[in-house]
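Everything below belongs to final.cif, which stores mmCIF, C-alpha atoms.
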```
data_start
#
loop_
_atom_site.label_atom_id
_atom_site.label_comp_id
_atom_site.auth_asym_id
_atom_site.auth_seq_id
_atom_site.Cartn_x
_atom_site.Cartn_y
_atom_site.Cartn_z
CA MET A 24 -22.30 18.67 -11.13
CA THR A 25 -20.62 17.12 -8.05
CA LYS A 26 -22.06 13.66 -8.74
CA LYS A 27 -21.21 13.99 -12.41
CA ILE A 28 -17.51 14.55 -11.77
CA ILE A 29 -17.39 11.82 -9.11
CA ASN A 30 -18.90 9.38 -11.60
CA LYS A 31 -16.14 10.21 -14.10
CA LEU A 32 -13.47 9.14 -11.61
CA LYS A 33 -13.81 5.39 -12.11
CA GLY A 34 -11.18 2.93 -13.22
CA PRO A 35 -7.65 4.15 -14.03
CA ILE A 36 -6.48 7.68 -13.25
CA PHE A 37 -3.32 8.50 -15.21
CA SER A 38 -0.46 10.18 -13.40
CA ILE A 39 1.55 12.83 -15.22
CA ILE A 40 5.31 12.22 -14.89
CA THR A 41 7.39 15.38 -15.32
CA PRO A 42 10.37 14.94 -17.69
CA PHE A 43 13.58 16.91 -17.31
CA LYS A 44 16.36 17.83 -19.72
CA LYS A 45 19.98 16.89 -19.05
CA LYS A 46 20.58 20.22 -17.27
CA GLU A 47 17.45 19.68 -15.11
CA GLN A 48 15.03 22.11 -16.83
CA ILE A 49 11.46 20.85 -17.31
CA ASP A 50 11.19 19.33 -20.79
CA TYR A 51 7.85 20.77 -21.93
CA ILE A 52 8.18 19.47 -25.49
CA ALA A 53 8.60 15.90 -24.26
CA LEU A 54 5.79 16.36 -21.74
CA ARG A 55 3.32 17.49 -24.39
CA LYS A 56 4.31 14.56 -26.59
CA HIS A 57 3.81 12.14 -23.70
CA ILE A 58 0.39 13.52 -22.74
CA LYS A 59 -0.64 13.28 -26.41
CA PHE A 60 0.44 9.63 -26.48
CA MET A 61 -1.51 8.95 -23.29
CA TYR A 62 -4.62 10.59 -24.76
CA ILE A 63 -4.38 8.75 -28.09
CA ARG A 64 -4.07 5.47 -26.18
CA GLY A 65 -7.26 6.16 -24.23
CA ALA A 66 -6.37 8.20 -21.14
CA ARG A 67 -9.09 10.68 -20.18
CA ASN A 68 -8.42 11.36 -16.47
CA PHE A 69 -5.04 13.01 -15.83
CA TYR A 70 -3.49 13.77 -12.43
CA LEU A 71 -0.57 16.12 -11.85
CA MET A 72 0.38 14.51 -8.53
CA VAL A 73 2.77 16.08 -6.03
CA TYR A 74 5.34 13.24 -6.10
CA ASN A 75 5.16 11.80 -9.62
CA SER A 76 5.10 15.28 -11.09
CA ARG A 77 8.11 16.32 -8.95
CA LEU A 78 6.40 19.39 -7.48
CA GLY A 79 8.67 19.18 -4.43
CA LEU A 80 11.66 19.86 -6.70
CA LEU A 81 10.16 22.95 -8.34
CA ASP A 82 9.95 26.57 -7.26
CA GLU A 83 6.57 28.30 -7.03
CA LYS A 84 6.75 29.81 -10.51
CA GLU A 85 7.56 26.41 -12.01
CA ILE A 86 4.71 24.77 -10.09
CA ILE A 87 2.24 27.30 -11.47
CA ASN A 88 3.61 27.08 -15.01
CA LEU A 89 3.61 23.27 -15.01
CA ASN A 90 0.02 23.09 -13.80
CA LEU A 91 -1.16 25.67 -16.33
CA PHE A 92 0.71 23.91 -19.14
CA CYS A 93 -0.94 20.58 -18.29
CA ILE A 94 -4.40 22.19 -18.14
CA LYS A 95 -3.88 23.73 -21.58
CA VAL A 96 -2.56 20.52 -23.16
CA VAL A 97 -5.07 18.09 -21.61
CA LYS A 98 -8.06 20.33 -22.35
CA GLY A 99 -6.66 21.13 -25.78
CA PHE A 100 -6.95 17.49 -26.81
CA ASN A 101 -10.50 17.16 -25.47
CA LYS A 102 -12.46 19.57 -23.29
CA LYS A 103 -14.18 16.60 -21.66
CA ASN A 104 -10.87 15.27 -20.31
CA ILE A 105 -10.43 15.59 -16.54
CA ILE A 106 -7.29 17.38 -15.32
CA ILE A 107 -6.46 17.18 -11.61
CA CYS A 108 -3.92 19.81 -10.59
CA ALA A 109 -1.95 19.86 -7.35
CA GLU A 110 -0.24 22.06 -4.81
CA PRO A 111 3.22 21.27 -3.36
CA TYR A 112 3.70 19.16 -0.22
CA HIS A 113 4.79 22.04 2.03
CA CYS A 114 3.07 25.40 1.95
CA SER A 115 0.89 27.64 4.07
CA THR A 116 -2.89 27.57 3.98
CA ARG A 117 -2.78 31.04 2.44
CA LYS A 118 -0.52 29.86 -0.37
CA SER A 119 -2.72 26.79 -0.96
CA ILE A 120 -5.71 29.07 -1.47
CA LYS A 121 -3.73 31.29 -3.85
CA LEU A 122 -2.54 28.37 -5.99
CA ILE A 123 -5.92 26.62 -6.06
CA ASN A 124 -7.64 29.78 -7.25
CA ILE A 125 -5.07 30.20 -10.04
CA PHE A 126 -5.53 26.61 -11.21
CA SER A 127 -9.31 26.71 -10.92
CA LYS A 128 -9.65 29.92 -12.90
CA SER A 129 -7.37 28.45 -15.58
CA GLY A 130 -9.58 25.40 -16.15
CA ALA A 131 -8.56 22.72 -13.63
CA ASP A 132 -11.44 20.32 -12.95
CA ILE A 133 -10.12 19.29 -9.52
CA VAL A 134 -7.20 20.40 -7.33
CA SER A 135 -5.42 17.89 -5.10
CA VAL A 136 -4.64 19.22 -1.61
CA ILE A 137 -2.21 17.70 0.88
CA PHE A 138 -1.41 18.36 4.56
CA GLY A 139 2.39 18.53 4.81
CA GLU A 140 2.73 20.17 8.23
CA LYS A 141 3.15 18.42 11.60
CA TYR A 142 -0.07 17.02 13.09
CA TYR A 143 -1.15 18.31 16.50
CA SER A 144 -4.93 17.91 16.49
CA ASN A 145 -7.92 17.04 14.36
CA GLU A 146 -9.15 20.61 14.63
CA GLN A 147 -5.86 21.91 13.22
CA VAL A 148 -6.12 19.69 10.14
CA PHE A 149 -9.84 20.23 9.58
CA SER A 150 -9.58 24.02 9.90
CA HIS A 151 -6.85 24.02 7.24
CA PHE A 152 -9.04 22.20 4.73
CA LYS A 153 -12.17 24.15 5.72
CA LEU A 154 -10.39 27.44 5.06
CA ILE A 155 -9.31 26.14 1.66
CA HIS A 156 -12.83 24.95 0.88
CA ASP A 157 -14.47 28.21 1.95
CA ASN A 158 -12.03 30.47 0.08
CA THR A 159 -11.91 28.67 -3.27
CA LYS A 160 -14.46 27.50 -5.82
CA ALA A 161 -12.63 24.42 -7.06
CA PHE A 162 -13.59 20.79 -6.68
CA LEU A 163 -11.04 19.30 -4.29
CA MET A 164 -9.24 15.99 -3.84
CA LEU A 165 -7.74 15.08 -0.47
CA HIS A 166 -4.29 13.54 -0.90
CA GLN A 167 -4.44 11.37 2.21
CA GLN A 168 -1.29 9.76 3.55
CA LEU A 169 0.41 9.21 6.90
CA LEU A 170 0.55 12.34 9.04
CA GLU A 171 3.77 13.40 10.77
CA ASN A 172 3.22 13.69 14.52
CA GLY A 173 4.25 17.00 16.04
CA ILE A 174 4.25 15.99 19.71
CA SER A 175 7.44 14.39 21.01
CA GLY A 176 6.94 10.99 22.61
CA ASN A 177 4.19 10.05 20.15
CA PRO A 178 4.91 7.68 17.25
CA PRO A 179 6.56 9.62 14.38
CA THR A 180 3.59 9.05 12.04
CA ARG A 181 -0.10 8.25 12.34
CA PHE A 182 -3.10 7.57 10.15
CA TYR A 183 -5.73 10.23 9.63
CA PRO A 184 -8.51 9.45 12.13
CA VAL A 185 -11.34 8.05 10.02
CA ASP A 186 -13.86 10.40 11.65
CA LEU A 187 -11.67 13.32 10.56
CA LEU A 188 -11.68 12.04 6.97
CA VAL A 189 -15.47 11.80 7.04
CA LYS A 190 -15.68 15.37 8.33
CA ILE A 191 -13.33 16.73 5.65
CA CYS A 192 -15.07 14.83 2.86
CA SER A 193 -18.44 16.12 4.03
CA LEU A 194 -17.35 19.57 2.83
CA ARG A 195 -19.40 20.05 -0.31
CA ARG A 196 -16.67 20.40 -2.94
CA PHE A 197 -14.47 17.51 -1.82
CA VAL A 198 -15.14 14.95 -4.55
CA ALA A 199 -12.22 12.52 -4.28
CA MET A 200 -9.49 11.10 -2.08
CA LYS A 201 -6.11 9.73 -3.06
CA GLU A 202 -5.75 6.90 -0.51
CA ASP A 203 -2.00 6.70 0.05
CA ALA A 204 -1.67 5.09 3.49
CA LYS A 205 -1.03 1.65 1.93
CA ASN A 206 -2.66 -0.36 4.69
CA ASP A 207 -5.35 -2.83 3.58
CA GLU A 208 -7.42 -2.80 6.79
CA TYR A 209 -7.33 0.99 7.01
CA THR A 210 -8.28 1.34 3.33
CA LYS A 211 -11.20 -1.03 3.94
CA ARG A 212 -12.51 1.19 6.75
CA ILE A 213 -12.20 4.30 4.58
CA CYS A 214 -14.07 2.71 1.69
CA GLN A 215 -16.88 1.50 3.91
CA LYS A 216 -17.33 5.01 5.35
CA LEU A 217 -16.85 7.15 2.25
CA LYS A 218 -17.68 5.14 -0.89
CA HIS A 219 -21.05 6.88 -1.26
CA LYS A 220 -19.63 10.37 -0.70
CA ILE A 221 -16.53 10.61 -2.91
CA SER A 222 -14.35 8.75 -5.41
CA ILE A 223 -11.53 6.87 -3.68
CA ILE A 224 -8.30 6.37 -5.64
CA THR A 225 -5.74 3.83 -4.39
CA SER A 226 -2.05 4.47 -4.89
CA GLY A 227 0.90 2.08 -4.74
CA ARG A 228 1.34 -1.59 -5.69
CA GLY A 229 -0.83 -1.17 -8.75
CA LYS A 230 -4.03 -2.97 -9.58
CA LYS A 231 -3.63 -5.73 -6.98
CA GLN A 232 -4.04 -3.18 -4.21
CA TRP A 233 -7.02 -1.67 -6.01
CA MET A 234 -8.71 -5.07 -6.43
CA LYS A 235 -8.59 -5.58 -2.66
CA ALA A 236 -10.07 -2.14 -2.04
CA HIS A 237 -12.65 -2.57 -4.81
CA GLN A 238 -14.36 -5.25 -2.72
CA TYR A 239 -15.28 -2.50 -0.27
CA GLY A 240 -16.35 0.13 -2.79
CA CYS A 241 -13.11 1.74 -4.07
CA GLN A 242 -13.76 3.08 -7.56
CA SER A 243 -10.33 4.06 -8.95
CA TRP A 244 -6.60 3.52 -8.93
CA LEU A 245 -3.62 5.66 -9.85
CA SER A 246 -1.76 4.22 -12.82
CA GLY A 247 1.54 2.42 -12.33
CA ALA A 248 2.70 0.05 -15.07
CA SER A 249 -0.06 1.53 -17.24
CA ASN A 250 1.88 4.79 -17.46
CA LEU A 251 3.83 2.98 -20.16
CA ASP A 252 0.65 2.63 -22.20
CA PRO A 253 -2.86 3.54 -20.96
CA LYS A 254 -4.31 0.76 -23.13
CA LEU A 255 -2.93 -1.71 -20.57
CA ALA A 256 -5.16 -0.24 -17.86
CA ILE A 257 -8.16 0.17 -20.16
CA ASN A 258 -7.99 -3.46 -21.31
CA PHE A 259 -7.50 -4.63 -17.74
CA TYR A 260 -10.49 -2.66 -16.46
CA LYS A 261 -12.74 -3.93 -19.26
CA ASN A 262 -11.77 -7.54 -18.62
CA PHE A 263 -12.05 -7.11 -14.85
CA LYS A 264 -15.61 -5.78 -15.17
CA ASN A 265 -16.43 -8.67 -17.50
CA LYS A 266 -15.06 -11.10 -14.89
CA ASN A 267 -12.45 -12.44 -17.28
CA THR A 268 -10.26 -13.87 -14.53
CA GLN A 269 -7.94 -15.61 -16.99
CA TYR A 270 -7.00 -12.30 -18.60
CA VAL A 271 -6.57 -10.61 -15.21
CA GLU A 272 -4.24 -13.37 -14.04
CA LYS A 273 -2.15 -13.17 -17.22
CA HIS A 274 -1.89 -9.39 -16.85
CA PHE A 275 -0.40 -9.77 -13.39
CA ASN A 276 1.89 -12.67 -14.30
CA TYR A 277 3.28 -11.16 -17.50
CA VAL A 278 3.07 -7.39 -17.10
CA GLU A 279 2.45 -6.05 -13.62
CA ASP A 280 4.49 -8.49 -11.50
CA PRO A 281 7.63 -8.17 -13.69
CA PHE A 282 7.21 -4.38 -13.62
CA PHE A 283 7.03 -4.29 -9.83
CA LYS A 284 10.02 -6.62 -9.62
CA VAL A 285 12.06 -3.71 -10.99
CA VAL A 286 10.22 -1.21 -8.76
CA ASP A 287 11.18 -3.31 -5.71
CA LYS A 288 14.80 -3.15 -6.80
CA PHE A 289 15.14 0.54 -7.69
CA GLY A 290 12.06 2.31 -6.30
CA TRP A 291 8.97 3.60 -8.12
CA HIS A 292 10.13 7.06 -9.17
CA LEU A 293 13.41 6.05 -10.81
CA THR A 294 11.94 2.87 -12.31
CA ILE A 295 9.07 4.55 -14.14
CA LYS A 296 11.44 7.11 -15.67
CA GLY A 297 13.71 4.28 -16.84
CA PHE A 298 10.84 2.40 -18.48
CA LEU A 299 9.54 5.56 -20.11
CA GLU A 300 12.97 6.18 -21.65
CA TYR A 301 13.23 2.61 -22.91
CA PHE A 302 9.85 2.86 -24.63
CA GLY A 303 10.77 6.17 -26.26
CA HIS A 304 8.68 8.65 -24.27
CA PHE A 305 11.44 10.83 -22.81
CA LYS A 306 14.83 10.64 -21.11
CA ARG A 307 15.15 9.34 -17.57
CA TYR A 308 16.91 12.52 -16.37
CA GLU A 309 16.00 13.74 -12.87
CA ARG A 310 16.44 16.95 -10.91
CA ARG A 311 18.69 16.74 -7.86
CA PRO A 312 18.51 15.49 -5.16
CA LEU A 313 16.87 12.68 -7.20
CA LYS A 314 19.34 10.81 -9.38
CA GLU A 315 18.31 8.72 -12.36
CA LEU A 316 19.22 5.06 -12.81
CA ASP A 317 22.84 4.58 -13.78
CA ARG A 318 23.95 2.68 -16.87
CA LYS A 319 24.24 -0.71 -15.15
CA GLN A 320 20.81 -0.38 -13.51
CA TYR A 321 19.29 0.71 -16.81
CA VAL A 322 20.71 -2.36 -18.59
CA TYR A 323 18.95 -4.58 -16.03
CA LEU A 324 15.71 -2.63 -16.49
CA LYS A 325 15.88 -3.08 -20.26
CA THR A 326 16.03 -6.88 -19.96
CA GLN A 327 12.78 -6.80 -17.94
CA ALA A 328 11.19 -4.25 -20.28
CA LYS A 329 11.77 -6.52 -23.30
CA LYS A 330 9.95 -9.36 -21.54
CA ILE A 331 7.04 -7.12 -20.60
CA LEU A 332 6.80 -5.82 -24.16
CA TYR A 333 6.73 -9.32 -25.63
CA ASN A 334 4.22 -10.69 -23.12
CA SER A 335 1.87 -7.69 -23.21
CA GLU A 336 1.59 -7.99 -26.98
CA LYS A 337 1.04 -11.74 -26.64
CA ILE A 338 -1.85 -11.52 -24.19
CA ASN A 339 -3.48 -8.45 -25.77
CA GLY A 340 -2.91 -9.22 -29.44
CA GLU A 341 -1.71 -5.72 -30.32
CA LYS A 342 1.39 -3.54 -30.30
CA TYR A 343 2.09 -1.52 -27.18
CA PHE A 344 4.22 1.42 -26.05
CA LYS A 345 4.81 2.91 -29.51
#
```
For this file, produce the structure as structure tokens.
Amino acid sequence: MTKKIINKLKGPIFSIITPFKKKEQIDYIALRKHIKFMYIRGARNFYLMVYNSRLGLLDEKEIINLNLFCIKVVKGFNKKNIIICAEPYHCSTRKSIKLINIFSKSGADIVSVIFGEKYYSNEQVFSHFKLIHDNTKAFLMLHQQLLENGISGNPPTRFYPVDLLVKICSLRRFVAMKEDAKNDEYTKRICQKLKHKISIITSGRGKKQWMKAHQYGCQSWLSGASNLDPKLAINFYKNFKNKNTQYVEKHFNYVEDPFFKVVDKFGWHLTIKGFLEYFGHFKRYERRPLKELDRKQYVYLKTQAKKILYNSEKINGEKYFK
């Protein structure tokens, strides 16, 4: 079973973006509609990720309800779909265990776990994840990113020691890692050590970052521009595997690079919401302290979105985003 689920985590993993209403409530109607669109357009692996899904802006009841809603919707479309749930960034080990057991019993295939506390030692971090592993029955994904140092005088952040990652991922039910450190040399070392143990999922800077990591055994990436339409990622992955370099180059020139031009200007989280509104998925509303793109920023985004729409249809020969 462990190998079976690892083998399913190849190619694009599609991040669930949580929509809000104007008065900041979660818009569950829009969310269901968006997940349905993603599924119809080919998405099969869904990830309710701590940042994209805005878990840090939700209270505990909302976090539970959102996760359970996504399990029900994703599995309702197809029981073979993979749904990766997640805990919030900051919580105790005890609360992590509580939430993971709720999600697992409700049908989550994998639960993403993250270490949000200050780092003091490898033993501290490992014991946290070991306690989670030993007190739950879920398959687990390590959301790996820079650790915050807890000892004054040390640099404010540090990478997970690679030996610590190997130790954590040797726990039997760890099946995947979201590699979020965004450092090519570090990612290379992780892939070389862990590619035969777990599925590694790159995050940030889209498919270009994944292509670098793929050379060293990285199997998956977290969707970026392809959140607008999963077919973009599916077509890219097919052509990449078939070594169609001309298609891959066009995808970057006409879709991904223009998309990240807007991301560089406004940031990932606000940009993706703006694009999703333009293409009719849901409104770009945010919950404070996040604040959606203003009217002037949105006008700029729309000019780029029109170009991406035209070029994506030109290189793929089909309608997108509708």
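A straight line drawn from atom CA of Asn334 of chain A to atom CA of Arg228 of chain A is 19.9 Å long.
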Explicit residue set for the PyMOL selection byres ((chain A and resi 203) around 6), as an NGL selection string: :A and (167-168 or 201-202 or 204-205 or 226)
Write a file of the selected residues as a CSV table (one decimal), in the frame of the given file, keeping C-alpha atoms.
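Result saved to part.csv:
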```
chain,number,residue,atom,x,y,z
A,167,GLN,CA,-4.4,11.4,2.2
A,168,GLN,CA,-1.3,9.8,3.6
A,201,LYS,CA,-6.1,9.7,-3.1
A,202,GLU,CA,-5.8,6.9,-0.5
A,204,ALA,CA,-1.7,5.1,3.5
A,205,LYS,CA,-1.0,1.6,1.9
A,226,SER,CA,-2.0,4.5,-4.9
```
For Trp291 of chain A, which of A:Glu110, A:Ile174, A:Asp186, A:Leu316 is the closest residue, counting only C-alpha atoms?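 The shortest atom-to-atom distance to Trp291 of chain A comes from A:Leu316.
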Please enumerate the residues selected by the PyMOL selection byres ((chain A and resi 200) around 8) when evaluated against the supplied file, formatted as a PyMOL selection string. chain A and resi 164-167+198-199+201-202+221-224
Write out the residues from the selection above, keeping C-alpha atoms, as a JSON list (two decimals), in the coordinates of the input.
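selection-v5.json written:
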```
[["chain", "number", "residue", "atom", "x", "y", "z"],
["A", 164, "MET", "CA", -9.24, 15.99, -3.84],
["A", 165, "LEU", "CA", -7.74, 15.08, -0.47],
["A", 166, "HIS", "CA", -4.29, 13.54, -0.90],
["A", 167, "GLN", "CA", -4.44, 11.37, 2.21],
["A", 198, "VAL", "CA", -15.14, 14.95, -4.55],
["A", 199, "ALA", "CA", -12.22, 12.52, -4.28],
["A", 201, "LYS", "CA", -6.11, 9.73, -3.06],
["A", 202, "GLU", "CA", -5.75, 6.90, -0.51],
["A", 221, "ILE", "CA", -16.53, 10.61, -2.91],
["A", 222, "SER", "CA", -14.35, 8.75, -5.41],
["A", 223, "ILE", "CA", -11.53, 6.87, -3.68],
["A", 224, "ILE", "CA", -8.30, 6.37, -5.64]]
```
Extract, using only C-alpha atoms, all DNA, RNA and protein residues at most 10 Å from Asn90 of chain A, discarding same-chain residues fewer than 6 positions from it, and format them as an MDAnalysis selection string. chainID A and resid 71 76 78 106:110 122 125:126 129 131
Residue contacts of Ile120 of chain A (10 Å, all atoms listed in the file) excluding same-chain residues fewer than 2 positions away, as a ChimeraX atom specification: /A:110,115-118,122-125,136,152,154-160
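Using all atoms listed in the file for every distance, the candidate list A:Asn262, A:Phe305, A:Gln215, A:Asn104 yields A:Phe305 as the residue closest to Lys45 of chain A.
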Mind giving me the straight-line distance from atom CA of Tyr143 of chain A to atom CA of Gly176 of chain A in Å, one decimal?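 A separation of 12.5 Å between them.
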Run the PyMOL selection byres ((chain A and resi 210) around 10) on the file and write out the hits as a list in words.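 In the shown coordinates, the PyMOL selection byres ((chain A and resi 210) around 10) covers Val185, Glu202, Asp203, Ala204, Lys205, Asn206, Asp207, Glu208, Tyr209, Lys211, Arg212, Ile213, Cys214, Gln215, Lys216, Ile223, Thr225, Gln232, Trp233, Lys235, Ala236, Tyr239 and Cys241 of chain A.
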With C-alpha atoms kept, could you save the residues just selected as a short mmCIF file (atom, residue, chain, number, x, y, z; two decimals), in the coordinates of the input?
```cif
data_model
loop_
_atom_site.label_atom_id
_atom_site.label_comp_id
_atom_site.auth_asym_id
_atom_site.auth_seq_id
_atom_site.Cartn_x
_atom_site.Cartn_y
_atom_site.Cartn_z
CA VAL A 185 -11.34 8.05 10.02
CA GLU A 202 -5.75 6.90 -0.51
CA ASP A 203 -2.00 6.70 0.05
CA ALA A 204 -1.67 5.09 3.49
CA LYS A 205 -1.03 1.65 1.93
CA ASN A 206 -2.66 -0.36 4.69
CA ASP A 207 -5.35 -2.83 3.58
CA GLU A 208 -7.42 -2.80 6.79
CA TYR A 209 -7.33 0.99 7.01
CA LYS A 211 -11.20 -1.03 3.94
CA ARG A 212 -12.51 1.19 6.75
CA ILE A 213 -12.20 4.30 4.58
CA CYS A 214 -14.07 2.71 1.69
CA GLN A 215 -16.88 1.50 3.91
CA LYS A 216 -17.33 5.01 5.35
CA ILE A 223 -11.53 6.87 -3.68
CA THR A 225 -5.74 3.83 -4.39
CA GLN A 232 -4.04 -3.18 -4.21
CA TRP A 233 -7.02 -1.67 -6.01
CA LYS A 235 -8.59 -5.58 -2.66
CA ALA A 236 -10.07 -2.14 -2.04
CA TYR A 239 -15.28 -2.50 -0.27
CA CYS A 241 -13.11 1.74 -4.07
#
```
Neighbour list for Leu187 of chain A as a list in words, cut-off 10 Å, only C-alpha atoms, skip fewer than 3 positions in-chain: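 Here the qualifying residues turn out to be Asn145, Glu146, Val148, Phe149, Tyr183, Pro184, Lys190, Ile191, Cys192 and Ser193 of chain A.
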Go ahead and write the selection's residues with C-alpha atoms as a PDB file, in the coordinates of the input.
```
ATOM      1  CA  ASN A 145      -7.920  17.040  14.360  1.00  0.00           C
ATOM      2  CA  GLU A 146      -9.150  20.610  14.630  1.00  0.00           C
ATOM      3  CA  VAL A 148      -6.120  19.690  10.140  1.00  0.00           C
ATOM      4  CA  PHE A 149      -9.840  20.230   9.580  1.00  0.00           C
ATOM      5  CA  TYR A 183      -5.730  10.230   9.630  1.00  0.00           C
ATOM      6  CA  PRO A 184      -8.510   9.450  12.130  1.00  0.00           C
ATOM      7  CA  LYS A 190     -15.680  15.370   8.330  1.00  0.00           C
ATOM      8  CA  ILE A 191     -13.330  16.730   5.650  1.00  0.00           C
ATOM      9  CA  CYS A 192     -15.070  14.830   2.860  1.00  0.00           C
ATOM     10  CA  SER A 193     -18.440  16.120   4.030  1.00  0.00           C
TER      11      SER A 193
END
```
Spatial neighbours of Ala248 of chain A, max dist 9 Å, all atoms listed in the file, sep filter under 3 positions, as JSON, numbers by chain: {"A": [229, 251, 252, 253, 255, 256, 278, 279, 282, 283, 295]}
Please return segment 155-175 of chain A, rebuilt to N, CA and C atoms, as a short mmCIF file (atom, residue, chain, number, x, y, z; two decimals), keeping the file's coordinate frame.
```cif
data_model
loop_
_atom_site.label_atom_id
_atom_site.label_comp_id
_atom_site.auth_asym_id
_atom_site.auth_seq_id
_atom_site.Cartn_x
_atom_site.Cartn_y
_atom_site.Cartn_z
N ILE A 155 -9.51 26.32 3.10
CA ILE A 155 -9.31 26.14 1.66
C ILE A 155 -10.65 26.02 0.95
N HIS A 156 -11.51 25.17 1.48
CA HIS A 156 -12.83 24.95 0.88
C HIS A 156 -13.63 26.24 0.80
N ASP A 157 -13.62 27.02 1.87
CA ASP A 157 -14.47 28.21 1.95
C ASP A 157 -13.93 29.39 1.16
N ASN A 158 -12.65 29.34 0.78
CA ASN A 158 -12.03 30.47 0.08
C ASN A 158 -11.62 30.14 -1.36
N THR A 159 -12.13 29.04 -1.86
CA THR A 159 -11.91 28.67 -3.27
C THR A 159 -13.24 28.20 -3.85
N LYS A 160 -13.26 28.01 -5.16
CA LYS A 160 -14.46 27.50 -5.82
C LYS A 160 -14.20 26.18 -6.54
N ALA A 161 -13.02 25.63 -6.34
CA ALA A 161 -12.63 24.42 -7.06
C ALA A 161 -13.21 23.17 -6.42
N PHE A 162 -13.41 22.12 -7.24
CA PHE A 162 -13.59 20.79 -6.68
C PHE A 162 -12.24 20.35 -6.13
N LEU A 163 -12.27 19.62 -5.00
CA LEU A 163 -11.04 19.30 -4.29
C LEU A 163 -10.87 17.80 -4.11
N MET A 164 -9.60 17.37 -4.15
CA MET A 164 -9.24 15.99 -3.84
C MET A 164 -8.31 16.00 -2.63
N LEU A 165 -8.62 15.20 -1.63
CA LEU A 165 -7.74 15.08 -0.47
C LEU A 165 -6.67 14.04 -0.76
N HIS A 166 -5.41 14.48 -0.78
CA HIS A 166 -4.29 13.54 -0.90
C HIS A 166 -3.99 13.06 0.51
N GLN A 167 -4.53 11.90 0.85
CA GLN A 167 -4.44 11.37 2.21
C GLN A 167 -3.30 10.39 2.32
N GLN A 168 -2.41 10.66 3.28
CA GLN A 168 -1.29 9.76 3.55
C GLN A 168 -0.96 9.86 5.04
N LEU A 169 0.05 9.15 5.49
CA LEU A 169 0.41 9.21 6.90
C LEU A 169 0.75 10.63 7.31
N LEU A 170 0.26 11.03 8.48
CA LEU A 170 0.55 12.34 9.04
C LEU A 170 1.81 12.27 9.90
N GLU A 171 2.60 13.33 9.90
CA GLU A 171 3.77 13.40 10.77
C GLU A 171 3.35 13.98 12.12
N ASN A 172 3.59 13.22 13.19
CA ASN A 172 3.22 13.69 14.52
C ASN A 172 4.10 14.85 14.95
N GLY A 173 3.50 15.84 15.59
CA GLY A 173 4.25 17.00 16.04
C GLY A 173 4.58 16.99 17.52
N ILE A 174 4.04 16.04 18.26
CA ILE A 174 4.25 15.99 19.71
C ILE A 174 5.29 14.93 20.03
N SER A 175 6.37 15.33 20.67
CA SER A 175 7.44 14.39 21.01
C SER A 175 6.92 13.32 21.96
#
```
